Structures are given as C-alpha cells and as structure tokens.
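Report on the structure given below.
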Amino acid sequence: MSDGAAVTAAIAEDDSLRDVAHAYKPLPIVRGLVWLVIGLIALKVLVVLAQNRNFGWGIVGEWLTEASILRGLWVTLWLGVVSMALGVVLGLFLAIGRMSKDVLISSLASVYIWFFRGTPLLVQLIFWYNLSYLFPEIVIGIPFGPTLASWNTNDVISPLTAAIGGLALNEAAYMAEVIRGGLLSVDHGQIEATQAFGMSPFRALLRVILPQAMRAIVPPTGNQFISMMKSTSLVSVIAMADLLYSVQAVYNRTFEIIPMLLVAVFYYLVITSLLNVGQGFIERYYGRGERDAAGPAKAAQAPEG
Amino acid sequence: MTTDNTVAAPASSPMPLVYVRNVHKSFGHLEVLKGIDMEVASGEVVTILGPSGSGKSTFLRCLNQLEPIDKGFIMIDGEQAGYKLQDGRLVKLRAGEVRRQRRKIGMVFQQFNLYSNKTALENIIEAPVTVHGETREEAVAYAMELLKKVGLDDRADSFPRQLSGGQQQRVAIARALAIKPKLILFDEPTSALDPELVGEVLETMRDLATQGLTMIVVTHEIGFARDAADRVIFMDGGVVVEEGKPEDVLLNPQQARTRQFLNRFIRA
C-alpha cells in the first residue's frame, strides 16, 4: 500500500484507500488449523458410532416408540415436573423462613436445608419408601391431644408417593438456597421503597422483590430442573416404572443393554434440551426491565430547569 | 418517655403536622441523633442542611419509621409514630398499623429506588392501587396528570433503566405525590445526580413548594433552601444547631458551626 507511487498520488485517493470499511482480513491460519483438527476428530467419532455394531442403532430405532418405553417416559416427565413444582413452592417458603428475623423460623428452615442437602437423594428415596418400618401408622392430630385422622403407612406410601415426596423434599432444600440467593440480590433500596409506601411484606415480595429476584433465580433453577429430570432415574430403585426402569425391564430380558440405554439417553437429552429452550424464554421475560435499548432513546430528553 | 408523652397528649389544640420531641437514635455505640426537637406546620416547606454525618438523613428516615427511635417521640398528623396510648400506657403498634401510618407520608430517596421491574406509570400507580385501594382507572388518570406535571408524560411506559437519573427522580416525585400525602420527605434528592441533571429536579420541587404541600427536604442545595424553603434547619453532630427563615440562617447565621458550614459552600 505504501509504495512510491502512493506518496505522489492525490491525497484524496490515499484517504479513500485507508478507509477501514474496505479493509481485507488476513487469513485466520491458527483458527483454521483448530477447525481442521476438531473436524477430523468429529468425523472419526461419527464413523466409529456408525461402524461399531454393538451400538445397535437398529434396535434403538425399534424400541424408541415402544409403548412400555413411552409409558416410562411419561412417568419420568410428570414425576419430574410435579416434584419440581412442589420443590419450588416449598423452597420459596424455606427461603423466606431462612431470611426471617424470627430465630425459631430461620433455624427451622436452616435445619431442614442442612438435613436434606446433607444426605444422598438415593438414601432419602429408599428411606421414604420404607417409612412403614419406622412409623406403621401416620396420624394427624393435635400434639399430645386428640387424633383427627390416621392411616396405615403402607397404604399411603406407594412407590409413587415415596418418589414424589423424596424428590420434592430434597429439591426444596436446594431451591430454598437458589431463591434466597435471588432475594438477596435485590437492591435494599427497593425493599425500603415498598416499606416507605406502606406495602405489606407479602405484597412487596410478590409485586416488587420476587419479580426482580427472578433474574437471578431463573438460571440456577433451570440447572436444578435439568438435574431433577435426571434424578428421577433414581426412583427405578424403589420399583417406580420411570424411563430408566422401563428400559432396564427390557434389557433384563433381551440383554441389549447398550442400545436400550441409548434409548433412555435419547429421551433424557430431548427433555433437557426442551428445558433449555424454555429457560431462554423465561430469562428474556424477566430481563425486560433491565435492557436500555428496548425503550425510546435516552437522548430524547430535553434540557429543562 | 411516658412523661414526655403526657405533655403531648392534649392534642385537641391545633398541633403542628409534625411534632418531634427529644428524639435520640444510636447505631450500636454511635449516637447519631442526640435529642431532636422539631415542629413543622401544615403547608410548610422546611429544608434541613448540615454536613455529612450530622444525622439529617437518619432523622428523616425516623419520621416514617424506616428507622426505630430509641428515646423521645414523634407525632405526625396527631398520631404518635409507631406507638399509641392505651389505658394510660404507651403501646408499640403492630406492623399493619405502622403501614397505615406510613400511607400518609410520601418519600423521595437519594437513589430514587424506583421499582426496576415496573414502568414509570406502574411505579406511580402501585401504592395507590395495592395499598390505598384506588381503582386502576382513577390511579392511571391521576398518574398521567402527575407525569405531565413533572414533564414526563411521554415516558410513561419506560422502565427506570431507560430514564436518566433526573427523569427517574422526577418519576419518583410523582410516585410520592400519587398517594396524596400529607407530608413528603426528600432524602438528598439531588445528591446522586450528575450536575447537569440537578436543575430539572430542583425545578420540579420548587413547583411543589408553591402549591401548599408540606415538605421536609434534606439537601445540600443551598440555592433551593434560599429560594423555596419557608424555614431552614441546620443540623450538626446529631442536634439542631440553628433554625429560622432562610435569609436569617443563610445570610446571617448566629452560630459558629453554621457559619463554618456555609463558608465552605460559598468558597466551593
């Protein structure tokens, strides 16, 4: 560009050459090499996946839409959703309880979180399933007073209730911390404003604090939800016919272990991918007060006073 | 405390809107307010000046019970803030009764504190609708009127983030007015603003001062105190050092501490 001719050429022409809008980019050599290496590895992986007959892709295809598998998928879906919903609601109460100025309430919430976060979910599930060894009867009544109702524990605790109870109670402990983190992220001035204007704590939480906390709550909750959908596979140990259990039921007969596990993997991936998409939408919704560009430009303001 | 209260009890005689006696407040070992007495008549515009740490913001927050006081008492509109006399005893109010008392008082914060998840209009109608039980229609109509008054009726649907600091503070003023308060407290309303945005907020406040609203303004804006206030109170070290008409306190201060404080501003 800086050869002798350019020096004597019109300055205007030089100026137009120097306009960065028309600049050429150098070839991205390093990046190109990285792409090439990764591309080769990916190709090799695909070839291996296709050539190794032990994957049994044909069998995967056959069982993918089998009725028993779809029933298991359905159980996994609603078990995960119901447990998550219960866990979120209970977690919200625990989070509020933990932030309470009342020592009794905050320590109760802390003890709950300590216990349910501190023991393995699998142990908790087996524990609930076997609750009848501990309490043969479940009784509702006034402590040290009259009994209002009672049930035989074995009638109440089925694989279903043990699964929902175990998953939801465990999830609540984690969600409590997620929600508490979100509530703490809200600027104290916002809370003060609700107080100064005479809003009740409940109303302030619902209308001002929680909506703002949601921005911090949604991403880890998405994580928790994905984790929950996979944790449902643990209920197969208490004879709950979820996706994994249904798959196991098949390969225990046919010994096609890998293809059947791939069926389960496929559906778990579909579920978690859908959750990812949903999370994106929710994040955009709660982020709407935080974007500068969404409204009319700031520059529209005229100087006054 | 009990003796103080019996002095104030015959409230049948016309009482100032704000009547404060011997208010003390400590944060831990640090005593921030050391016996404040103050009276503010209905319709009066009072400006509280003072160096940082003089306790003026804390005092303002005590008035609408964002901070509890340790000693003395505060009467607002004939009611004791946070307490009531019952069968000859002074009893602390329940949370719900405290909220009812706060509904009479509007507040404008240094950091604006607009609800960031709500638009300007939603910010203004929030308390009228959810706390004061107005219908949405009448609240919106009045809110638009107020937005027009502060010159922002075209920004009703903007979120706080999309407004400049000065615009946010004007919306915050409209929000405080929307509850038709008996008293508005301004806690250093221009201190968090860029210098070129201070003017628009002070202009709005000057407008309000001429309209018969009762205002207590904690500020560093000597100009506002001079032009708009009926009375200037100078606080330092947790006590009221001097008070009087703006021209007296600002131009002819009697106390050395007041002179010292004002001199710094004149030099600046």
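Starting from 1 in every chain, residues are counted up; chains themselves are A, B, ... following the order of the structure tokens, and ligands are numbered from 1 as listed.
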Do you know which residues are at most 8 Å from Ile69 of chain B counting only C-alpha atoms, after dropping those on the same chain fewer than 5 positions away, and could you put them as number ranges by chain?
B: 23-25, 62
Could you pull out all residues of segment 28-222 of chain B with a DSSP call of alpha helix (DSSP H) and give them as a ChimeraX atom specification?
/B:56-63,95-102,120-130,136-149,165-178,195-209,222
Taking only C-alpha atoms into account, what are the residues of chain B at most 9 Å from chain A, put as a PyMOL selection string?
chain B and resi 64-66+95-96+98-109+111-119+126-127+130-131+155+157-164+167+176+179+196-204
Go through A:Ala23, A:Val265, A:Ile282, A:Ala149 one by one, measure the shortest atom-to-atom distance of each to Lys230 of chain A using only C-alpha atoms, and give the residue with the smallest value.
A:Val265
Within 6 Å of Gly244 of chain B using only C-alpha atoms, minus same-chain residues under 4 positions, as an mmCIF file with all heavy atoms, in the first residue's frame:
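Final output, part_16.cif:
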```cif
data_model
loop_
_atom_site.group_PDB
_atom_site.id
_atom_site.type_symbol
_atom_site.label_atom_id
_atom_site.label_comp_id
_atom_site.auth_asym_id
_atom_site.auth_seq_id
_atom_site.Cartn_x
_atom_site.Cartn_y
_atom_site.Cartn_z
ATOM 1 N N ARG B 231 -38.501 27.684 55.946
ATOM 2 C CA ARG B 231 -37.659 27.646 57.123
ATOM 3 C C ARG B 231 -36.456 26.760 56.836
ATOM 4 O O ARG B 231 -36.575 25.766 56.112
ATOM 5 C CB ARG B 231 -38.464 27.066 58.303
ATOM 6 C CG ARG B 231 -37.770 27.119 59.649
ATOM 7 C CD ARG B 231 -38.810 27.299 60.761
ATOM 8 N NE ARG B 231 -39.856 26.273 60.671
ATOM 9 C CZ ARG B 231 -39.839 25.147 61.396
ATOM 10 N NH1 ARG B 231 -38.873 24.909 62.232
ATOM 11 N NH2 ARG B 231 -40.805 24.261 61.270
ATOM 12 N N VAL B 232 -35.325 27.124 57.378
ATOM 13 C CA VAL B 232 -34.116 26.330 57.225
ATOM 14 C C VAL B 232 -33.681 25.852 58.604
ATOM 15 O O VAL B 232 -33.689 26.617 59.565
ATOM 16 C CB VAL B 232 -32.979 27.150 56.580
ATOM 17 C CG1 VAL B 232 -31.662 26.388 56.642
ATOM 18 C CG2 VAL B 232 -33.321 27.490 55.146
ATOM 19 N N VAL B 249 -30.870 32.454 58.497
ATOM 20 C CA VAL B 249 -29.907 31.385 58.755
ATOM 21 C C VAL B 249 -28.777 31.399 57.721
ATOM 22 O O VAL B 249 -27.606 31.217 58.054
ATOM 23 C CB VAL B 249 -30.606 30.012 58.765
ATOM 24 C CG1 VAL B 249 -29.582 28.889 58.893
ATOM 25 C CG2 VAL B 249 -31.623 29.945 59.889
#
```
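Taking atom CA of Ser110 of chain A and atom CA of Glu177 of chain A as the two end points, the separation is 10.0 Å.
The interatomic distance for the pair atom CA of Leu33 of chain B and atom CA of Ile48 of chain B works out to 13.9 Å.
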Report the residues of segment 127-186 of chain A whose backbone DSSP state falls under strand (DSSP E or B), written as number ranges by chain.
A: 137-141, 147-152
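Residues surrounding segment 59-61 of chain B within 8 Å are B:Leu33, B:Glu67, B:Leu185, B:Asp187, B:Val218 [only C-alpha atoms; sequence separation below 6 positions excluded].
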Based on the selection just made, write all heavy atoms of those residues as a CSV table (one decimal), in the first residue's frame.
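Generated file (part-v4.csv):
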```csv
chain,number,residue,atom,x,y,z
B,33,LEU,N,-28.5,10.7,66.6
B,33,LEU,CA,-29.4,11.8,67.0
B,33,LEU,C,-29.3,12.0,68.5
B,33,LEU,O,-29.5,11.0,69.2
B,33,LEU,CB,-30.8,11.5,66.5
B,33,LEU,CG,-31.0,11.3,65.0
B,33,LEU,CD1,-32.5,10.9,64.7
B,33,LEU,CD2,-30.6,12.5,64.2
B,67,GLU,N,-36.4,3.8,60.4
B,67,GLU,CA,-35.5,3.5,61.5
B,67,GLU,C,-36.3,3.7,62.8
B,67,GLU,O,-37.0,4.7,62.9
B,67,GLU,CB,-34.3,4.5,61.5
B,67,GLU,CG,-33.4,4.5,60.3
B,67,GLU,CD,-32.5,3.3,60.2
B,67,GLU,OE1,-32.5,2.5,61.2
B,67,GLU,OE2,-31.9,3.1,59.2
B,185,LEU,N,-41.3,13.6,52.3
B,185,LEU,CA,-39.9,13.7,52.8
B,185,LEU,C,-39.0,13.5,51.6
B,185,LEU,O,-39.1,12.6,50.8
B,185,LEU,CB,-39.7,12.5,53.8
B,185,LEU,CG,-40.7,12.4,54.9
B,185,LEU,CD1,-40.4,11.1,55.7
B,185,LEU,CD2,-40.6,13.6,55.8
B,187,ASP,N,-35.1,12.9,50.8
B,187,ASP,CA,-33.8,12.5,51.4
B,187,ASP,C,-32.7,12.7,50.3
B,187,ASP,O,-32.4,11.9,49.5
B,187,ASP,CB,-33.8,11.0,51.8
B,187,ASP,CG,-32.5,10.6,52.5
B,187,ASP,OD1,-31.7,11.5,52.8
B,187,ASP,OD2,-32.4,9.4,52.8
B,218,VAL,N,-34.2,17.2,53.0
B,218,VAL,CA,-32.7,17.1,53.4
B,218,VAL,C,-31.9,17.3,52.2
B,218,VAL,O,-32.1,16.6,51.2
B,218,VAL,CB,-32.4,15.8,54.1
B,218,VAL,CG1,-30.9,15.6,54.2
B,218,VAL,CG2,-33.1,15.7,55.4
```
Considering only C-alpha atoms, return as number ranges by chain whatever protein or nucleic-acid residues lie within 10 Å of Leu73 of chain A, sequence-local ones (same chain, fewer than 6 positions apart) excluded.
A: 67, 79, 241-247, 264, 267-268, 271
I need the chosen residues saved as an mmCIF file, in the first residue's frame, with C-alpha atoms.
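For reference, again_7.cif as written:
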```cif
data_model
loop_
_atom_site.group_PDB
_atom_site.id
_atom_site.type_symbol
_atom_site.label_atom_id
_atom_site.label_comp_id
_atom_site.auth_asym_id
_atom_site.auth_seq_id
_atom_site.Cartn_x
_atom_site.Cartn_y
_atom_site.Cartn_z
ATOM 1 C CA ALA A 67 -45.450 -48.488 24.275
ATOM 2 C CA LEU A 79 -42.762 -37.092 38.100
ATOM 3 C CA ALA A 241 -41.732 -47.516 36.406
ATOM 4 C CA ASP A 242 -39.934 -44.461 35.039
ATOM 5 C CA LEU A 243 -37.963 -44.232 31.799
ATOM 6 C CA LEU A 244 -34.824 -45.943 33.133
ATOM 7 C CA TYR A 245 -36.855 -48.649 34.880
ATOM 8 C CA SER A 246 -38.774 -49.397 31.653
ATOM 9 C CA VAL A 247 -35.527 -49.626 29.709
ATOM 10 C CA ALA A 264 -33.059 -43.613 27.542
ATOM 11 C CA TYR A 267 -35.153 -39.109 25.642
ATOM 12 C CA TYR A 268 -33.251 -37.542 28.557
ATOM 13 C CA ILE A 271 -36.249 -33.387 27.715
#
```
Close residues, Val239 of chain B itself excluded, 9 Å, only C-alpha atoms, min 4 positions apart in chain, as a PDB file with N, CA and C atoms, in the first residue's frame:
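The resulting file, result-v7.pdb, is reproduced below:
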```pdb
ATOM      1  N   VAL B  32     -26.367   8.913  66.859  1.00  0.00           N
ATOM      2  CA  VAL B  32     -26.487   9.718  65.641  1.00  0.00           C
ATOM      3  C   VAL B  32     -27.410  10.910  65.866  1.00  0.00           C
ATOM      4  N   LEU B  33     -28.478  10.696  66.630  1.00  0.00           N
ATOM      5  CA  LEU B  33     -29.394  11.792  66.978  1.00  0.00           C
ATOM      6  C   LEU B  33     -29.342  11.967  68.492  1.00  0.00           C
ATOM      7  N   LYS B  34     -29.097  13.194  68.924  1.00  0.00           N
ATOM      8  CA  LYS B  34     -28.897  13.438  70.356  1.00  0.00           C
ATOM      9  C   LYS B  34     -29.921  14.406  70.904  1.00  0.00           C
ATOM     10  N   GLY B  35     -31.191  14.094  70.692  1.00  0.00           N
ATOM     11  CA  GLY B  35     -32.235  14.945  71.255  1.00  0.00           C
ATOM     12  C   GLY B  35     -32.712  16.000  70.271  1.00  0.00           C
ATOM     13  N   ILE B  36     -33.491  15.555  69.295  1.00  0.00           N
ATOM     14  CA  ILE B  36     -34.013  16.477  68.278  1.00  0.00           C
ATOM     15  C   ILE B  36     -35.417  16.938  68.678  1.00  0.00           C
ATOM     16  N   ASP B  37     -35.630  18.243  68.671  1.00  0.00           N
ATOM     17  CA  ASP B  37     -36.967  18.816  68.794  1.00  0.00           C
ATOM     18  C   ASP B  37     -37.287  19.512  67.476  1.00  0.00           C
ATOM     19  N   SER B  54     -24.258  14.397  60.021  1.00  0.00           N
ATOM     20  CA  SER B  54     -24.896  15.230  61.040  1.00  0.00           C
ATOM     21  C   SER B  54     -26.185  14.592  61.550  1.00  0.00           C
ATOM     22  N   GLY B  55     -26.643  13.515  60.901  1.00  0.00           N
ATOM     23  CA  GLY B  55     -27.836  12.813  61.350  1.00  0.00           C
ATOM     24  C   GLY B  55     -29.107  13.240  60.633  1.00  0.00           C
ATOM     25  N   PHE B 234     -30.512  23.952  60.508  1.00  0.00           N
ATOM     26  CA  PHE B 234     -29.136  23.487  60.347  1.00  0.00           C
ATOM     27  C   PHE B 234     -28.819  22.483  61.441  1.00  0.00           C
ATOM     28  N   MET B 235     -28.441  21.275  61.029  1.00  0.00           N
ATOM     29  CA  MET B 235     -28.111  20.203  61.981  1.00  0.00           C
ATOM     30  C   MET B 235     -26.629  19.898  61.926  1.00  0.00           C
TER      31      MET B 235
END
```
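Put simply, atom CA of Val60 of chain A is 19.0 Å away from atom CA of Ser233 of chain A.
Compared by their closest atoms to Ile222 of chain B, and using only C-alpha atoms, the residues B:Thr190, B:Asn123, B:Thr135, B:Ser57 rank with B:Thr190 nearest.
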